[in-house]
Structure formats: C-alpha cells, structure tokens
Amino acid sequence: MTETPPTGAQQPPAVLKFGGSSFRTLAAYQHLAEALSRRVEEEGTRLVVVVSGQPGETEQFRERLSQVNPHPEDETVAGLLTLADTVGAQLLATALHRTGRTATVLAGHQLGLTTDSAFMWARLEHTDPEPLRTAVRDHEVVVVPGGQAADREGRPTWLGKNSSDLSAVAVAAAVGARACEIHSDVDGIYSSDPHLITGARLLGEVSYNTAALMSLYGAKVLHRRAVRLAQRNRIEIVCRYNRPPFPRGSVIGTAGSSVAAVVLNQRSTALRYATEELADRAYTVFHGANIDVVRLTSGPLVAVTGGFVDLPEFQRRNGLTPGEYAGIPVTAVRGSQVATRLAVDEEDALHLTQRLHDHVNRPGADLSPDAPLLEMQGV
C-alpha cells in the first residue's frame with residue numbers, strides 16, 4: 001500500500017501518535033491539547049494526531065461483552081472494542097477546542113482506510129487519501145482514533161491490539177508525511193523491557209528489519225505491520241516519550257547497526273501440538289487470520305505473540321486440534337539471528353529474560369549455533 005504524496009504548495013502535516021498510557025487521567029487530555037496548540041503556533045504546521053483510549057477501557061468493553069456472550073462473533077467484538085479509542089479521540093478534540101484550535105475527528109469509517117473482513121486483525125488493502133487531506137485543509141488538528149478502519153462493505157474493522165501505530169503510519173502515507181512520531185511511556189526501543197530487565201539500554205538507531213523482527217516476537221513498542229508499511233513508504237519512525245518536552249529516543253529507518261536484544265511479552269503463549277503436521281496447519285490458520293505467530297523449529301510448537309487472542313475459541317472455530325500450553329516464549333535477537341526458549345510461567349520468564357540479556361550483551365558473547373546458552377536459528 002504505497003501512496004503518492006500530495007501535490008501543491010501545502011506542506012504535509014506532522015503526524016503524531018499517543019498511546020493509552022498518555023491519558024491516565026482526564027486532565028491529561030487538556031495538558032496534551034495545550035502542548036499541541038503550542039506546536040501549531042510555534043511551527044506553523046497542522047497536525048494529525050492518532051490516539052488510543054484510556055488504559056483499561058478496551059478491556060472493560062471486552063469484559064462487558066463477554067458477560068453478555070462468552071463467545072461473541074469477531075464482527076461484534078471489532079465494533080465494540082474500537083469505541084474506546086473513539087471516546088479518547090473525542091475527548092482530545094474537545095480539549096483542543098477549549099484552547100481555541102479548530103479540530104475534528106475522523107473515525108475508522110471516515111478515514112478512507114479499507115481492509116479485508118478479518119474483523120479482529122484486519123489487513124489494510126487500500127487507502128483513499130482524500131478524506132484526510134480535506135480534513136487537514138479545513139482544520140488545524142485532525143484527531144484519529146487508532147486501530148480503526150472499515151471493510152469494503154463499510155463495516156467497522158479493528159487492526160488488532162496496539163495497532164494505533166499502524167494507523168499512524170497509514171495516515172502519514174496518506175498525507176505525504178516523511179516521518180511519523182510515536183509517543184509512548186518509553187522513549188524508544190530498548191534491548192529489553194526497561195521496566196522489567198536490569199541493564200536494558202536504549203537503541204538509538206534501529207533498522208526497519210530489526211524493528212519488525214523484534215515486533216514479530218512480541219516486542220510491545222511498535223506494531224510489526226506498522227514498521228513494514230513505513231519501510232514500503234520510506235517513512236521514518238521517530239519514537240518519543242509521551243510527556244513534555246517529548247524527548248526523542250529511537251529512530252527507525254534505513255540506518256541502524258546490528259543490535260542484541262531479548263524480547264519478552266508476558267501475554268505471548270507457545271502451543272505444543274501432537275505432530276509437526278498439526279503445528280504447521282495451526283501456524284497457517286493463525287497467520288491467515290493476520291495474527292502474529294511464529295512457527296518454532298525446536299518441535300511441533302507455535303508461538304502466538306502479543307496475546308489478546310482467545311486461543312481455545314479460535315482453535316475451535318477454525319477446526320484445529322487444540323495445542324497444549326507449552327510456556328511463555330522468550331526470544332534473543334542478534335542481527336538477523338533469533339533464538340527462542342520457553343519459560344514455564346511469568347516469574348520464570350523474567351529470570352530467563354534477564355539471563356539471556358546479560359549473555360547476549362556480554363562483550364565477545366558466543367552466539368554461534370553451538371553456544372551453550374542459546375540455540376540460534378537464522379531468519
């Protein structure tokens with residue numbers, strides 16, 4: 001999905017994304033609106049701001065839905081869960097109005113982003129840039145609820161958990177921006193989760209390929225398809241902290257030296273199947289539904305990375321022989337090599353991640369296939 005930059009004298013707007021952790025209180029909307037208003041004034045630019053809902057709101061909608069129907073259809077789930085981000089967008093828009101700025105909200109069905117009909121993990125198929133370009137022309141700030149789009153029949157679709165990154169990059173491509181700023185509660189990509197792992201360090205420049213690889217294995221900083229879309233459209237992703245003065249951290253682009261990192265996502269799950277054939281089929285079905293999944297090579301194992309998938313229900317609906325829980329995958333990344341080991345539970349996963357991180361970042365560490373701690377595989 002590659003778009004042609006807009007023609008004419010108008011400069012493309014700045015495109016920014018703010019995740020849910022930016023809005024822990026209602027007062028945060030006004031604080032951010034004031035910061036955005038200053039940027040409009042000082043830089044003389046227009047903004048497109050992609051936002052997520054407040055922390056926990058999506059999960060609250062999910063819980064309410066499950067109380068009505070423990071096994072809702074994906075179309076219903078997508079239609080309801082996206083409301084959390086819509087609420088957040090409207091709150092920011094009204095906060096911007098209070099500062100005196102002209103602002104509007106473009107929800108998923110208004111954006112011009114068309115997806116397939118995999119309602120819960122929809123894949124972008126086409127972008128009509130005109131709705132966004134028109135809104136930018138008429139308003140100083142356009143606010144976009146993250147993760148939303150519509151299928152060819154106009155039905156709401158969801159781009160998946162943490163997919164506001166993907167929305168932001170798609171918006172940047174549509175308006176011809178050459179950069180996309182991702183604001184979150186960490187200022188970039190680290191060698192491991194800095195909230196959990198001692199010694200995790202900020203990676204200043206990261207290549208598209210490395211960022212996408214880490215995301216595939218569960219890194220929570222960026223959405224993998226967002227990285228690939230940015231790569232196709234030559235959009236630089238600038239990671240920033242989500243509090244003033246919004247310091248710049250990692251930059252994702254064509255540059256970036258080889259990095260050593262360890263990925264832990266405690267919501268990821270590895271499933272063990274009875275045979276290699278059953279594991280292959282499960283991988284194919286998960287992948288076909290646009291769910292991030294890795295076929296591990298150390299046995300009939302499939303790692304569903306990132307969580308937020310009802311694994312028993314998904315396997316039942318798709319006629320899969322259920323896989324057994326095999327643990328939490330922890331993945332070491334060094335260049336284009338990866339090695340995944342399984343932890344029995346969350347506590348074990350933390351200890352394993354710390355040991356692997358200490359190992360891969362040790363000067364002269366042996367990362368060959370014969371290394372005693374890691375069994376590396378090329379990708």
# chains A, B, ... in the order shown; residues from 1 in each chain; ligands from 1
>>> residues_around(residues="A:Arg152", least_positions_apart="4", cutoff="8 Å", atoms="only C-alpha atoms", output="mmCIF file with N, CA, C and O atoms, in the first residue's frame")
data_model
loop_
_atom_site.group_PDB
_atom_site.id
_atom_site.type_symbol
_atom_site.label_atom_id
_atom_site.label_comp_id
_atom_site.auth_asym_id
_atom_site.auth_seq_id
_atom_site.Cartn_x
_atom_site.Cartn_y
_atom_site.Cartn_z
ATOM 1 N N THR A 114 -9.388 1.098 3.881
ATOM 2 C CA THR A 114 -10.220 -0.074 3.607
ATOM 3 C C THR A 114 -9.414 -1.332 3.888
ATOM 4 O O THR A 114 -8.259 -1.451 3.475
ATOM 5 N N THR A 115 -10.048 -2.283 4.580
ATOM 6 C CA THR A 115 -9.374 -3.520 4.966
ATOM 7 C C THR A 115 -10.111 -4.725 4.414
ATOM 8 O O THR A 115 -11.202 -4.615 3.836
ATOM 9 N N ASP A 116 -9.512 -5.903 4.642
ATOM 10 C CA ASP A 116 -10.256 -7.133 4.413
ATOM 11 C C ASP A 116 -11.279 -7.288 5.544
ATOM 12 O O ASP A 116 -11.436 -6.402 6.380
ATOM 13 N N SER A 117 -11.979 -8.400 5.556
ATOM 14 C CA SER A 117 -13.047 -8.599 6.537
ATOM 15 C C SER A 117 -12.635 -9.526 7.676
ATOM 16 O O SER A 117 -13.492 -10.165 8.297
#
>>> residues_around(residues="A:Glu140", least_positions_apart="4", cutoff="7 Å", atoms="only C-alpha atoms", output="VMD selection string")
chain A and resid 46 to 47 101 to 103 136
>>> write_last_selection(atoms="N, CA and C atoms", output="PDB file, in the first residue's frame")
ATOM      1  N   ARG A  46       0.165  22.100  10.630  1.00  0.00           N
ATOM      2  CA  ARG A  46      -1.060  21.396  11.006  1.00  0.00           C
ATOM      3  C   ARG A  46      -0.678  19.999  11.494  1.00  0.00           C
ATOM      4  N   LEU A  47      -1.565  19.404  12.262  1.00  0.00           N
ATOM      5  CA  LEU A  47      -1.255  18.136  12.904  1.00  0.00           C
ATOM      6  C   LEU A  47      -2.338  17.100  12.603  1.00  0.00           C
ATOM      7  N   ARG A 101      -8.267  26.002  19.149  1.00  0.00           N
ATOM      8  CA  ARG A 101      -7.868  25.408  17.875  1.00  0.00           C
ATOM      9  C   ARG A 101      -9.064  24.785  17.154  1.00  0.00           C
ATOM     10  N   THR A 102      -9.026  24.806  15.829  1.00  0.00           N
ATOM     11  CA  THR A 102     -10.023  24.068  15.053  1.00  0.00           C
ATOM     12  C   THR A 102      -9.576  22.618  14.975  1.00  0.00           C
ATOM     13  N   ALA A 103     -10.469  21.726  15.315  1.00  0.00           N
ATOM     14  CA  ALA A 103     -10.121  20.301  15.339  1.00  0.00           C
ATOM     15  C   ALA A 103     -11.339  19.483  14.955  1.00  0.00           C
ATOM     16  N   VAL A 136      -7.430  17.911   6.833  1.00  0.00           N
ATOM     17  CA  VAL A 136      -6.236  18.688   7.171  1.00  0.00           C
ATOM     18  C   VAL A 136      -6.338  20.101   6.604  1.00  0.00           C
TER      19      VAL A 136
END
>>> residues_around(residues="stretch 350-357 of chain A", least_positions_apart="2", cutoff="6 Å", atoms="only C-alpha atoms", output="PyMOL selection string")
chain A and resi 197+262+347-348+359-360
>>> atom_distance(atom1="atom CA of A:Val344", atom2="atom CA of A:Arg62")
27.1 Å
